[in-house]
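The next block is model.cif, given as mmCIF, C-alpha atoms.
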```cif
data_final
#
loop_
_atom_site.label_atom_id
_atom_site.label_comp_id
_atom_site.auth_asym_id
_atom_site.auth_seq_id
_atom_site.Cartn_x
_atom_site.Cartn_y
_atom_site.Cartn_z
CA GLY Z 1 2.86 6.88 2.95
CA ALA Z 2 4.77 4.11 4.69
CA GLY Z 3 6.65 3.26 1.52
CA ILE Z 4 9.05 6.17 1.96
CA PHE Z 5 10.34 4.52 5.15
CA VAL Z 6 10.35 1.01 3.73
CA LEU Z 7 10.77 0.50 -0.03
CA THR Z 8 12.78 3.50 -1.24
CA GLY Z 9 16.12 1.85 -0.56
CA GLN Z 10 15.24 -1.45 -2.23
CA ALA Z 11 13.88 0.29 -5.32
CA ALA Z 12 17.12 2.29 -5.62
CA ALA Z 13 19.41 -0.67 -4.90
CA GLN Z 14 17.73 -3.18 -7.18
CA HIS Z 15 16.10 -1.19 -9.97
CA ALA Z 16 16.76 2.53 -10.48
CA GLY Z 17 19.84 3.75 -8.61
CA PRO Z 18 20.05 7.48 -7.79
CA VAL Z 19 17.55 8.27 -10.56
CA ILE Z 20 14.85 6.84 -8.30
CA VAL Z 21 13.71 10.48 -8.13
CA LEU Z 22 12.20 10.10 -11.61
CA SER Z 23 10.43 6.95 -10.48
CA PHE Z 24 8.65 8.99 -7.81
CA VAL Z 25 7.62 11.57 -10.42
CA ALA Z 26 6.22 8.88 -12.73
CA ALA Z 27 4.26 7.23 -9.91
CA GLY Z 28 2.91 10.62 -8.81
CA ILE Z 29 1.60 11.39 -12.31
CA ALA Z 30 -0.26 8.07 -12.43
CA CYS Z 31 -1.77 8.84 -9.04
CA VAL Z 32 -3.13 12.20 -10.18
CA PHE Z 33 -5.26 10.58 -12.88
CA ALA Z 34 -6.42 7.76 -10.61
CA GLY Z 35 -7.09 10.22 -7.78
CA LEU Z 36 -9.42 12.33 -9.90
CA CYS Z 37 -11.40 9.22 -10.82
CA TYR Z 38 -11.53 8.16 -7.16
CA ALA Z 39 -12.79 11.62 -6.24
CA GLU Z 40 -15.64 11.44 -8.74
CA MET Z 41 -16.65 7.97 -7.57
CA ALA Z 42 -16.48 8.94 -3.89
CA ALA Z 43 -18.50 12.13 -4.39
CA MET Z 44 -21.08 10.17 -6.40
CA ILE Z 45 -21.39 7.60 -3.59
CA PRO Z 46 -20.43 9.65 -0.50
CA ILE Z 47 -20.09 6.87 2.04
CA ALA Z 48 -17.09 5.65 3.97
CA GLY Z 49 -15.85 2.64 2.05
CA SER Z 50 -13.51 1.39 -0.59
CA ALA Z 51 -13.42 0.68 -4.30
CA TYR Z 52 -15.41 -2.49 -3.57
CA THR Z 53 -18.36 -0.47 -2.26
CA TYR Z 54 -18.25 1.91 -5.22
CA SER Z 55 -18.05 -0.91 -7.75
CA TYR Z 56 -20.83 -2.93 -6.15
CA ALA Z 57 -23.19 0.04 -6.25
CA THR Z 58 -22.42 1.14 -9.79
CA MET Z 59 -20.82 -1.61 -11.86
CA GLY Z 60 -22.26 -4.85 -10.59
CA GLU Z 61 -21.40 -7.77 -8.40
CA PHE Z 62 -18.77 -9.57 -10.50
CA LEU Z 63 -16.53 -6.55 -11.02
CA ALA Z 64 -16.99 -5.63 -7.36
CA TRP Z 65 -15.81 -9.13 -6.39
CA ILE Z 66 -12.71 -8.77 -8.55
CA ILE Z 67 -11.85 -5.43 -6.96
CA GLY Z 68 -12.67 -6.70 -3.46
CA TRP Z 69 -10.45 -9.75 -3.93
CA ASP Z 70 -7.72 -7.58 -5.41
CA LEU Z 71 -7.90 -5.16 -2.48
CA ILE Z 72 -6.66 -7.98 -0.23
CA LEU Z 73 -3.29 -7.43 -1.88
CA GLU Z 74 -3.41 -3.75 -0.96
CA TYR Z 75 -4.60 -4.03 2.63
CA SER Z 76 -3.45 -7.43 3.91
CA LEU Z 77 -0.14 -7.70 2.10
CA GLY Z 78 0.31 -3.96 2.59
CA ALA Z 79 0.13 -4.52 6.34
CA ALA Z 80 2.58 -7.43 6.01
CA THR Z 81 5.02 -5.28 4.02
CA VAL Z 82 4.90 -2.46 6.54
CA ALA Z 83 5.32 -4.97 9.38
CA VAL Z 84 8.57 -6.22 7.82
CA GLY Z 85 9.75 -2.61 7.57
CA TRP Z 86 8.66 -2.00 11.17
CA SER Z 87 10.74 -5.01 12.17
CA GLY Z 88 13.80 -3.55 10.43
CA TYR Z 89 13.55 -0.24 12.28
CA VAL Z 90 12.89 -1.90 15.65
CA VAL Z 91 15.84 -4.26 15.23
CA SER Z 92 18.03 -1.30 14.29
CA LEU Z 93 16.83 0.75 17.29
CA LEU Z 94 17.37 -2.13 19.71
CA LYS Z 95 20.86 -2.63 18.32
CA ASP Z 96 21.62 1.04 19.09
CA LEU Z 97 20.49 0.32 22.64
CA GLY Z 98 22.76 -2.71 22.91
CA LEU Z 99 20.03 -5.32 22.44
CA VAL Z 100 20.67 -7.68 19.54
CA ILE Z 101 18.01 -10.05 18.23
CA PRO Z 102 19.52 -13.13 16.51
CA PRO Z 103 19.43 -12.37 12.75
CA GLN Z 104 17.73 -15.70 11.97
CA PHE Z 105 14.66 -14.48 13.86
CA THR Z 106 14.41 -11.14 12.01
CA ALA Z 107 13.92 -12.57 8.50
CA GLY Z 108 11.99 -15.32 6.78
CA PRO Z 109 13.45 -18.47 5.19
CA PHE Z 110 13.68 -16.88 1.73
CA LEU Z 111 16.23 -14.29 2.84
CA GLN Z 112 19.92 -14.57 3.68
CA VAL Z 113 21.14 -12.94 6.89
CA THR Z 114 24.60 -12.18 8.26
CA LEU Z 115 25.40 -13.90 11.53
CA ALA Z 116 27.56 -12.51 14.34
CA ASP Z 117 30.64 -14.32 13.03
CA GLY Z 118 30.17 -12.82 9.55
CA SER Z 119 28.88 -16.00 7.91
CA GLN Z 120 25.68 -16.16 5.86
CA ALA Z 121 22.63 -18.25 6.73
CA SER Z 122 18.96 -18.44 5.79
CA GLY Z 123 16.50 -16.71 8.05
CA ILE Z 124 13.98 -18.73 10.03
CA ILE Z 125 11.13 -16.38 10.83
CA ASN Z 126 10.59 -12.65 11.35
CA LEU Z 127 9.46 -12.57 14.97
CA PRO Z 128 9.24 -8.76 15.41
CA ALA Z 129 6.94 -8.53 12.37
CA ILE Z 130 4.69 -11.27 13.76
CA PHE Z 131 4.68 -9.54 17.16
CA ILE Z 132 3.41 -6.20 15.83
CA ILE Z 133 0.71 -7.88 13.73
CA GLY Z 134 -0.44 -9.89 16.73
CA LEU Z 135 -0.49 -6.81 18.95
CA VAL Z 136 -2.46 -4.67 16.49
CA THR Z 137 -4.90 -7.50 15.73
CA SER Z 138 -5.60 -7.89 19.46
CA LEU Z 139 -6.27 -4.16 19.77
CA LEU Z 140 -8.67 -4.22 16.84
CA VAL Z 141 -10.61 -7.19 18.23
CA ILE Z 142 -11.04 -5.43 21.57
CA GLY Z 143 -12.00 -2.25 19.76
CA ILE Z 144 -10.24 1.01 19.18
CA ARG Z 145 -11.75 4.43 18.64
CA GLU Z 146 -10.34 6.29 15.71
CA SER Z 147 -9.36 9.82 16.65
CA ALA Z 148 -8.72 12.58 14.17
CA ASN Z 149 -6.46 14.25 16.74
CA VAL Z 150 -4.32 11.14 17.22
CA ASN Z 151 -4.08 10.63 13.48
CA THR Z 152 -3.10 14.25 12.95
CA THR Z 153 -0.42 13.95 15.63
CA ILE Z 154 1.06 10.87 13.96
CA VAL Z 155 1.05 12.61 10.60
CA PHE Z 156 2.92 15.57 12.11
CA VAL Z 157 5.45 13.15 13.61
CA LYS Z 158 5.99 11.37 10.30
CA VAL Z 159 6.25 14.54 8.25
CA GLY Z 160 8.50 16.10 10.90
CA VAL Z 161 10.86 13.11 10.77
CA VAL Z 162 10.99 13.23 6.97
CA ILE Z 163 11.72 16.97 6.93
CA LEU Z 164 14.33 16.62 9.69
CA PHE Z 165 16.02 13.81 7.73
CA ILE Z 166 16.15 16.02 4.63
CA LEU Z 167 17.47 19.14 6.40
CA VAL Z 168 20.12 17.28 8.40
CA GLY Z 169 21.08 14.82 5.67
CA ILE Z 170 21.83 17.52 3.07
CA ARG Z 171 25.07 18.36 4.88
CA TYR Z 172 26.34 14.78 4.55
CA ILE Z 173 25.71 14.28 0.84
CA ASN Z 174 28.63 12.89 -1.13
CA ARG Z 175 28.03 13.69 -4.80
CA ALA Z 176 30.20 10.75 -5.81
CA ASN Z 177 27.33 8.52 -4.68
CA TRP Z 178 25.21 9.95 -7.51
CA THR Z 179 27.62 8.72 -10.17
CA PRO Z 180 26.40 7.26 -12.41
CA PHE Z 181 23.06 8.98 -11.96
CA ILE Z 182 21.42 6.47 -14.29
CA PRO Z 183 23.31 3.18 -13.83
CA PRO Z 184 23.62 1.23 -17.10
CA ASN Z 185 21.15 -1.56 -17.65
CA THR Z 186 22.50 -5.00 -16.75
CA GLY Z 187 20.71 -6.73 -19.63
CA VAL Z 188 17.70 -7.52 -17.44
CA PHE Z 189 14.62 -5.33 -18.05
CA GLU Z 190 14.04 -4.29 -14.44
CA GLN Z 191 17.67 -3.76 -13.47
CA PHE Z 192 18.73 -0.13 -13.98
CA GLY Z 193 18.79 2.01 -17.08
CA TRP Z 194 15.58 3.66 -18.31
CA THR Z 195 13.60 0.46 -17.87
CA GLY Z 196 14.83 0.30 -14.28
CA ILE Z 197 13.25 3.71 -13.68
CA LEU Z 198 9.91 2.25 -14.80
CA THR Z 199 10.26 -0.78 -12.55
CA GLY Z 200 11.32 1.47 -9.68
CA ALA Z 201 8.17 3.55 -10.18
CA GLY Z 202 6.03 0.42 -9.90
CA VAL Z 203 7.87 -0.69 -6.76
CA ILE Z 204 7.76 2.62 -4.90
CA PHE Z 205 4.13 3.12 -5.91
CA PHE Z 206 3.54 1.60 -2.48
CA ALA Z 207 4.54 4.97 -1.03
CA TYR Z 208 1.51 6.62 -2.64
CA ILE Z 209 -1.04 4.12 -1.39
CA GLY Z 210 -3.41 5.93 0.92
CA PHE Z 211 -4.05 9.07 -1.10
CA ASP Z 212 -7.35 7.45 -2.07
CA ALA Z 213 -8.32 7.69 1.61
CA VAL Z 214 -8.98 11.37 0.92
CA SER Z 215 -11.69 10.38 -1.55
CA THR Z 216 -13.44 8.11 0.97
CA ALA Z 217 -14.04 11.16 3.19
CA ALA Z 218 -16.42 12.70 0.66
CA GLN Z 219 -19.30 12.24 3.13
CA GLU Z 220 -17.57 14.56 5.61
CA ALA Z 221 -16.58 17.19 3.04
CA ARG Z 222 -18.54 20.43 3.18
CA ASN Z 223 -18.11 20.96 -0.56
CA PRO Z 224 -17.07 17.72 -2.32
CA GLN Z 225 -16.91 19.41 -5.73
CA LYS Z 226 -14.12 21.66 -4.47
CA ASP Z 227 -12.66 19.80 -1.50
CA MET Z 228 -12.03 16.42 -3.16
CA PRO Z 229 -9.68 17.57 -5.95
CA ILE Z 230 -7.92 20.03 -3.62
CA GLY Z 231 -7.36 17.35 -0.96
CA ILE Z 232 -6.17 14.69 -3.39
CA LEU Z 233 -4.00 16.83 -5.66
CA THR Z 234 -2.47 18.88 -2.82
CA SER Z 235 -1.56 15.77 -0.83
CA LEU Z 236 -0.02 14.22 -3.95
CA VAL Z 237 2.06 17.30 -4.69
CA ILE Z 238 3.32 17.62 -1.11
CA CYS Z 239 4.13 13.90 -0.86
CA THR Z 240 5.89 13.85 -4.23
CA ILE Z 241 8.11 16.80 -3.24
CA LEU Z 242 9.01 15.15 0.08
CA TYR Z 243 9.63 11.77 -1.57
CA ILE Z 244 11.94 13.27 -4.20
CA ALA Z 245 13.87 15.18 -1.53
CA VAL Z 246 14.27 12.06 0.65
CA SER Z 247 15.47 9.94 -2.28
CA VAL Z 248 17.98 12.62 -3.33
CA VAL Z 249 19.40 12.91 0.19
CA LEU Z 250 19.34 9.16 0.89
CA THR Z 251 21.20 8.17 -2.29
CA GLY Z 252 23.62 11.05 -1.67
CA ILE Z 253 24.48 9.87 1.85
CA VAL Z 254 24.69 6.13 1.15
CA PRO Z 255 25.77 4.38 -2.09
CA TYR Z 256 22.57 3.05 -3.63
CA LYS Z 257 23.90 -0.53 -3.72
CA GLU Z 258 23.95 -0.56 0.10
CA LEU Z 259 20.27 0.38 0.46
CA ASN Z 260 18.76 -3.06 -0.12
CA VAL Z 261 17.36 -3.14 3.43
CA PRO Z 262 13.93 -2.80 5.07
CA ASP Z 263 14.98 0.34 6.99
CA PRO Z 264 16.77 2.62 4.46
CA MET Z 265 16.38 5.87 6.39
CA ALA Z 266 17.91 4.23 9.45
CA VAL Z 267 20.90 3.19 7.32
CA GLY Z 268 21.17 6.77 6.06
CA ILE Z 269 21.15 8.23 9.56
CA ASN Z 270 23.69 5.68 10.78
CA ALA Z 271 25.97 6.75 7.93
CA THR Z 272 25.93 10.36 9.18
CA GLY Z 273 27.19 9.32 12.62
CA LEU Z 274 24.63 11.56 14.34
CA TYR Z 275 23.78 9.47 17.38
CA TRP Z 276 20.90 11.62 18.63
CA MET Z 277 19.36 11.73 15.20
CA ARG Z 278 19.20 7.94 14.99
CA PHE Z 279 16.72 7.72 17.83
CA VAL Z 280 14.50 10.52 16.50
CA VAL Z 281 14.22 9.07 13.00
CA LYS Z 282 13.80 5.46 14.08
CA ILE Z 283 11.24 6.16 16.80
CA GLY Z 284 9.32 8.42 14.41
CA ALA Z 285 9.39 5.77 11.69
CA ILE Z 286 8.27 3.06 14.12
CA ALA Z 287 5.35 5.20 15.31
CA GLY Z 288 4.33 6.05 11.77
CA LEU Z 289 4.58 2.48 10.52
CA SER Z 290 2.57 1.24 13.52
CA SER Z 291 -0.28 3.59 12.60
CA VAL Z 292 -0.23 2.38 8.99
CA ILE Z 293 -0.44 -1.26 10.09
CA LEU Z 294 -3.36 -0.31 12.33
CA VAL Z 295 -5.26 1.40 9.52
CA MET Z 296 -4.67 -1.43 7.04
CA LEU Z 297 -5.71 -4.13 9.50
CA LEU Z 298 -8.72 -1.99 10.37
CA GLY Z 299 -9.80 -1.71 6.73
CA GLN Z 300 -9.35 -5.25 5.47
CA PRO Z 301 -11.75 -7.02 7.88
CA ARG Z 302 -14.42 -4.44 7.09
CA ILE Z 303 -14.12 -5.17 3.37
CA PHE Z 304 -14.59 -8.87 4.17
CA TRP Z 305 -17.48 -7.95 6.46
CA THR Z 306 -19.17 -5.98 3.66
CA MET Z 307 -18.60 -8.76 1.11
CA ALA Z 308 -20.09 -11.29 3.55
CA GLY Z 309 -23.12 -9.04 3.98
CA ASP Z 310 -23.57 -9.15 0.20
CA GLY Z 311 -23.45 -12.94 0.34
CA LEU Z 312 -20.14 -13.25 -1.49
CA LEU Z 313 -18.34 -14.70 1.53
CA PRO Z 314 -19.61 -17.04 4.29
CA ARG Z 315 -21.96 -15.50 6.84
CA ALA Z 316 -19.40 -16.13 9.60
CA PHE Z 317 -17.33 -13.31 8.10
CA SER Z 318 -20.06 -10.84 9.05
CA LYS Z 319 -20.18 -11.85 12.72
CA VAL Z 320 -19.78 -9.04 15.24
CA HIS Z 321 -18.39 -9.66 18.71
CA PRO Z 322 -21.25 -9.53 21.26
CA ARG Z 323 -19.25 -7.42 23.70
CA PHE Z 324 -16.71 -5.43 21.66
CA ARG Z 325 -19.00 -4.90 18.63
CA THR Z 326 -16.11 -5.49 16.20
CA PRO Z 327 -15.94 -7.90 13.22
CA TYR Z 328 -13.77 -10.22 15.26
CA VAL Z 329 -13.86 -13.29 13.00
CA THR Z 330 -12.51 -11.45 9.96
CA THR Z 331 -10.11 -9.46 12.13
CA ILE Z 332 -8.58 -12.60 13.64
CA LEU Z 333 -8.41 -14.45 10.30
CA THR Z 334 -6.83 -11.42 8.64
CA GLY Z 335 -4.32 -11.07 11.48
CA ILE Z 336 -3.28 -14.72 11.24
CA ALA Z 337 -2.83 -14.58 7.46
CA VAL Z 338 -0.91 -11.29 7.60
CA ALA Z 339 1.33 -12.54 10.42
CA ILE Z 340 2.24 -15.64 8.39
CA ALA Z 341 3.05 -13.52 5.33
CA ALA Z 342 5.10 -11.02 7.34
CA GLY Z 343 6.95 -13.74 9.20
CA LEU Z 344 7.97 -15.75 6.14
CA PHE Z 345 8.30 -13.55 3.07
CA PRO Z 346 10.85 -10.83 2.23
CA ILE Z 347 9.79 -7.24 1.88
CA GLY Z 348 10.52 -7.15 -1.87
CA VAL Z 349 8.05 -9.90 -2.76
CA LEU Z 350 5.34 -8.44 -0.53
CA GLY Z 351 5.85 -4.87 -1.73
CA HIS Z 352 5.70 -5.86 -5.40
CA LEU Z 353 2.40 -7.67 -4.87
CA VAL Z 354 0.93 -4.70 -3.02
CA SER Z 355 1.93 -2.32 -5.81
CA ILE Z 356 0.60 -4.47 -8.66
CA GLY Z 357 -2.63 -5.21 -6.80
CA THR Z 358 -3.27 -1.54 -6.07
CA LEU Z 359 -2.42 -0.48 -9.62
CA PHE Z 360 -4.87 -3.06 -10.93
CA ALA Z 361 -7.60 -1.72 -8.64
CA PHE Z 362 -6.88 1.82 -9.85
CA ILE Z 363 -7.21 0.71 -13.47
CA LEU Z 364 -10.62 -0.79 -12.74
CA VAL Z 365 -11.79 2.36 -10.95
CA CYS Z 366 -10.64 4.59 -13.83
CA ALA Z 367 -12.37 2.31 -16.33
CA GLY Z 368 -15.54 2.24 -14.24
CA VAL Z 369 -15.74 6.03 -13.98
CA GLY Z 370 -15.20 6.43 -17.72
CA VAL Z 371 -17.83 3.85 -18.63
CA LEU Z 372 -20.39 5.27 -16.18
CA ARG Z 373 -20.09 8.71 -17.77
CA TYR Z 374 -21.57 7.25 -20.95
CA THR Z 375 -23.83 4.46 -19.67
CA LYS Z 376 -25.42 6.36 -16.77
CA PRO Z 377 -25.03 10.08 -17.49
CA GLN Z 378 -28.13 10.84 -15.40
CA ILE Z 379 -26.47 9.93 -12.09
CA GLY Z 380 -25.75 12.97 -9.95
CA ARG Z 381 -22.05 13.76 -9.71
CA PRO Z 382 -21.17 16.39 -7.07
CA PHE Z 383 -17.62 16.30 -8.41
CA ARG Z 384 -16.85 15.62 -12.06
CA ALA Z 385 -13.29 14.78 -13.04
CA PRO Z 386 -12.24 17.25 -15.77
CA TRP Z 387 -11.63 16.00 -19.30
CA ILE Z 388 -12.81 12.49 -18.42
CA TRP Z 389 -12.23 11.45 -22.03
CA PHE Z 390 -8.53 12.00 -21.28
CA VAL Z 391 -8.21 11.48 -17.51
CA ALA Z 392 -9.81 8.00 -17.34
CA PRO Z 393 -7.81 6.48 -20.25
CA ALA Z 394 -4.63 8.24 -19.04
CA GLY Z 395 -5.13 6.76 -15.57
CA MET Z 396 -5.58 3.29 -17.03
CA ILE Z 397 -2.58 3.59 -19.35
CA THR Z 398 -0.16 5.06 -16.81
CA CYS Z 399 -1.13 2.55 -14.11
CA PHE Z 400 -0.82 -0.34 -16.57
CA TYR Z 401 2.55 1.02 -17.70
CA LEU Z 402 3.78 0.92 -14.10
CA MET Z 403 2.41 -2.60 -13.75
CA TYR Z 404 4.22 -3.58 -16.94
CA GLY Z 405 7.52 -2.53 -15.41
CA LEU Z 406 7.17 -4.88 -12.44
CA PRO Z 407 9.04 -8.21 -12.53
CA LYS Z 408 7.55 -11.19 -14.37
CA GLU Z 409 7.28 -13.17 -11.14
CA THR Z 410 4.99 -10.50 -9.70
CA TRP Z 411 2.65 -10.81 -12.68
CA GLU Z 412 2.56 -14.57 -12.30
CA ARG Z 413 1.64 -14.23 -8.63
CA LEU Z 414 -1.13 -11.75 -9.52
CA PHE Z 415 -2.65 -14.13 -12.08
CA ILE Z 416 -2.54 -17.01 -9.60
CA TRP Z 417 -4.15 -14.85 -6.92
CA MET Z 418 -6.95 -13.64 -9.21
CA ALA Z 419 -7.54 -17.20 -10.46
CA ILE Z 420 -8.01 -18.35 -6.86
CA GLY Z 421 -10.48 -15.52 -6.34
CA LEU Z 422 -12.42 -16.43 -9.46
CA VAL Z 423 -12.72 -20.06 -8.32
CA ILE Z 424 -14.04 -18.95 -4.92
CA TYR Z 425 -16.59 -16.65 -6.58
CA LEU Z 426 -17.84 -19.33 -8.96
CA ALA Z 427 -17.92 -22.02 -6.26
CA TYR Z 428 -19.45 -19.95 -3.46
CA GLY Z 429 -20.05 -16.25 -4.02
CA ARG Z 430 -22.21 -16.51 -7.12
CA ASN Z 431 -24.48 -19.13 -5.56
CA HIS Z 432 -24.94 -17.30 -2.27
CA SER Z 433 -25.13 -13.75 -3.62
CA VAL Z 434 -27.82 -11.53 -2.13
CA LEU Z 435 -28.46 -10.00 -5.55
CA ARG Z 436 -28.89 -13.42 -7.16
CA ARG Z 437 -31.29 -14.54 -4.45
CA LYS Z 438 -33.37 -11.38 -4.93
CA ALA Z 439 -33.40 -11.87 -8.68
CA SER Z 440 -34.45 -15.55 -8.49
CA PRO Z 441 -38.23 -16.08 -8.74
CA PRO Z 442 -39.80 -17.70 -5.70
CA LYS Z 443 -40.29 -21.44 -5.92
CA ALA Z 444 -43.82 -22.73 -6.51
CA PRO Z 445 -45.43 -24.24 -3.40
#
```
For the structure just supplied, provide its representation as structure tokens.
Amino acid sequence: GAGIFVLTGQAAAQHAGPVIVLSFVAAGIACVFAGLCYAEMAAMIPIAGSAYTYSYATMGEFLAWIIGWDLILEYSLGAATVAVGWSGYVVSLLKDLGLVIPPQFTAGPFLQVTLADGSQASGIINLPAIFIIGLVTSLLVIGIRESANVNTTIVFVKVGVVILFILVGIRYINRANWTPFIPPNTGVFEQFGWTGILTGAGVIFFAYIGFDAVSTAAQEARNPQKDMPIGILTSLVICTILYIAVSVVLTGIVPYKELNVPDPMAVGINATGLYWMRFVVKIGAIAGLSSVILVMLLGQPRIFWTMAGDGLLPRAFSKVHPRFRTPYVTTILTGIAVAIAAGLFPIGVLGHLVSIGTLFAFILVCAGVGVLRYTKPQIGRPFRAPWIWFVAPAGMITCFYLMYGLPKETWERLFIWMAIGLVIYLAYGRNHSVLRRKASPPKAP
């Protein structure tokens, strides 16, 4: 998960403090319930796809539209969030090499930056973030072959960097940085104390996004009944252990109040004074974050492409490039929108929206699996989530609880976003739906 490189520091600095470790545990528990429901849905419909595809096939067009529209928050804004984090690590690496990008061009207008003379000023635009989005979008338009070997290599690099950070950073922990372990609440719900732990869990939930990718590989699994739960639960356990270890080391090396940055692990390494280690961690993080941006920008256009094929979006969204055979219209439009978001908005706003959007999608998937068990018990289920009477409601409740802990402004933005989606569906999607056209009786001659 890219979130470990990007949002851990902000969640600790703004919400939880050193007790961010409990936030990772809470988020991991919610993911276990949601992951089991994803596994059942994926095994039931073993095709490469997303929650939109599952919902469309089993729960109807309207709910599928809601999930598809909501997934834009996960994929598009997820790519924007990671791009801002990528920018932070690149700027930090270039600074180590003696190349300094003017601070005003590494942050959007809603963020204050420190100039060379020590004064504060508003950012103008995040040029490195726009650059990486433009580069990846261009690659995806031309076409890129996914390789399991390349992906595995990148995963080894990312995991290796995380483990190296933990092993080396342990020696530089200052226990005074853990005091107080649970900072007292400031009087604001999401700022520290026990409620801050809840908000922190919602914020760093971004780090767990992607475990559901295991469930979408049900078609390739030799034994989905066995492989799906093992893949999902094992990956969650491993990631949770690594996340807890990183957060313990990071808050032990650097006072949590100094971690409100897009590149927290880089700040941690800089604090150790290990010059060689800086390059290893930063280059590893940059490589890992680049792959995440690639995957997210690869997935979003294909969701649009599928929705256009179902008639819910204009037919232009389903156009394929005559030479490259890629959905170039949706890829370019997605790239432009993501570049604007990454160039203008701070990582906190983007990350909160990604987390709340993904949690909402998980709630809908858990609800859908639970309802289908009773409305369509005859459907074949190669993998059945155990104790569905408990797992599905527990997934809904825990995900909603994490959503509840997110700031009020994030909820307001979610409602506005979903309202926009509903208007588009009522104005266009419902009238052009393939299902509606099939259901309409032919007109009399």
Starting from the displayed file, determine the output of the PyMOL selection byres ((chain Z and resi 423-426) around 10) and express the residue list as a PDB file with C-alpha atoms, in the coordinates of the input.
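As a result, expr-v7.pdb now contains:
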```
ATOM      1  CA  PHE Z  62     -18.770  -9.570 -10.500  1.00  0.00           C
ATOM      2  CA  TRP Z  65     -15.810  -9.130  -6.390  1.00  0.00           C
ATOM      3  CA  ILE Z  66     -12.710  -8.770  -8.550  1.00  0.00           C
ATOM      4  CA  TRP Z  69     -10.450  -9.750  -3.930  1.00  0.00           C
ATOM      5  CA  LEU Z 312     -20.140 -13.250  -1.490  1.00  0.00           C
ATOM      6  CA  LEU Z 313     -18.340 -14.700   1.530  1.00  0.00           C
ATOM      7  CA  MET Z 418      -6.950 -13.640  -9.210  1.00  0.00           C
ATOM      8  CA  ALA Z 419      -7.540 -17.200 -10.460  1.00  0.00           C
ATOM      9  CA  ILE Z 420      -8.010 -18.350  -6.860  1.00  0.00           C
ATOM     10  CA  GLY Z 421     -10.480 -15.520  -6.340  1.00  0.00           C
ATOM     11  CA  LEU Z 422     -12.420 -16.430  -9.460  1.00  0.00           C
ATOM     12  CA  ALA Z 427     -17.920 -22.020  -6.260  1.00  0.00           C
ATOM     13  CA  TYR Z 428     -19.450 -19.950  -3.460  1.00  0.00           C
ATOM     14  CA  GLY Z 429     -20.050 -16.250  -4.020  1.00  0.00           C
ATOM     15  CA  ARG Z 430     -22.210 -16.510  -7.120  1.00  0.00           C
ATOM     16  CA  ASN Z 431     -24.480 -19.130  -5.560  1.00  0.00           C
ATOM     17  CA  HIS Z 432     -24.940 -17.300  -2.270  1.00  0.00           C
ATOM     18  CA  SER Z 433     -25.130 -13.750  -3.620  1.00  0.00           C
TER      19      SER Z 433
END
```
(Q) Report, in Å to a single decimal, how far apart atom CA of Pro346 of chain Z and atom CA of Ile72 of chain Z are. (A)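 Between these atoms lies a distance of 17.9 Å.
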Q) List as a list in words: which residues have an atom within 12 Å of (20.0, -15.6, 7.0), counting all atoms listed in the file? A)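 Protein, DNA and RNA residues close to (20.0, -15.6, 7.0): Pro102, Pro103, Gln104, Phe105, Thr106, Ala107, Gly108, Pro109, Phe110, Leu111, Gln112, Val113, Thr114, Leu115, Ala116, Gly118, Ser119, Gln120, Ala121, Ser122, Gly123, Ile124, Ile125, Asn126 and Pro346 of chain Z.
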Q: Go through Z:Val6, Z:Ile286, Z:Val32, Z:Val19 and flag the residue nearest Thr234 of chain Z, using all atoms listed in the file for the distances.
A: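 Checking each of Z:Val6, Z:Ile286, Z:Val32, Z:Val19 against Thr234 of chain Z, counting all atoms listed in the file, the winner is Z:Val32.
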Q. What does the distance between atom CA of Tyr172 of chain Z and atom CA of Gly193 of chain Z come to in Å, to one decimal place?
A.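 The value is 26.2 Å.
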Q. Quick one, how far is atom CA of Leu198 of chain Z from atom CA of Leu402 of chain Z?
A.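 That distance, rounded to one decimal, is 6.3 Å.
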**Q.** Expansion of the PyMOL selection byres ((chain Z and resi 366-371) around 8) into residues, as a VMD selection string
**A.** chain Z and resid 34 37 to 38 40 to 41 55 59 362 to 365 372 to 375 388 to 389 392 to 393 395 to 396
Q. Pick from Z:Gly169, Z:Gly273, Z:Gly28, Z:Gly143: nearest to Val249 of chain Z, with all atoms listed in the file counted?
A.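 For Val249 of chain Z, the nearest of the given residues is Z:Gly169.
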(Q) Given all atoms listed in the file as the basis, pick out the residue of Z:Ala30, Z:Val237, Z:Val168, Z:Ala64 nearest to Asp310 of chain Z. (A)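 Using all atoms listed in the file, the shortest distance to Asp310 of chain Z belongs to Z:Ala64.
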Identify, on the basis of all atoms listed in the file, every residue whose closest approach to Gly288 of chain Z does not exceed 8 Å; exclude the query and any residue fewer than 6 positions from it along the same chain; express the result as a compact mmCIF listing (two decimals) with C-alpha atoms, in the frame of the given file.
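Once everything was written out, this is selection.txt:
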```txt
# COMPACT_ATOMS: atom_id res chain seq x y z
CA ALA Z 2 4.77 4.11 4.69
CA ILE Z 154 1.06 10.87 13.96
CA VAL Z 155 1.05 12.61 10.60
CA VAL Z 157 5.45 13.15 13.61
CA LYS Z 158 5.99 11.37 10.30
```
Q | Residue contacts of Ile29 of chain Z (10 Å, only C-alpha atoms) excluding same-chain residues fewer than 2 positions away, as a list in words | A |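 In the requested format, the answer is Phe24, Val25, Ala26, Ala27, Cys31, Val32, Phe33, Ala34, Gly35, Leu236, Val237, Thr240, Ala394, Gly395, Thr398 and Cys399 of chain Z.
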Q.
Selection in question (the file shown): the PyMOL selection byres ((chain Z and resi 297) around 9). Which residues does it include, as an MDAnalysis selection string?
A. chainID Z and resid 75:76 79 133 136:137 140 292:296 298:301 331 334:335 338
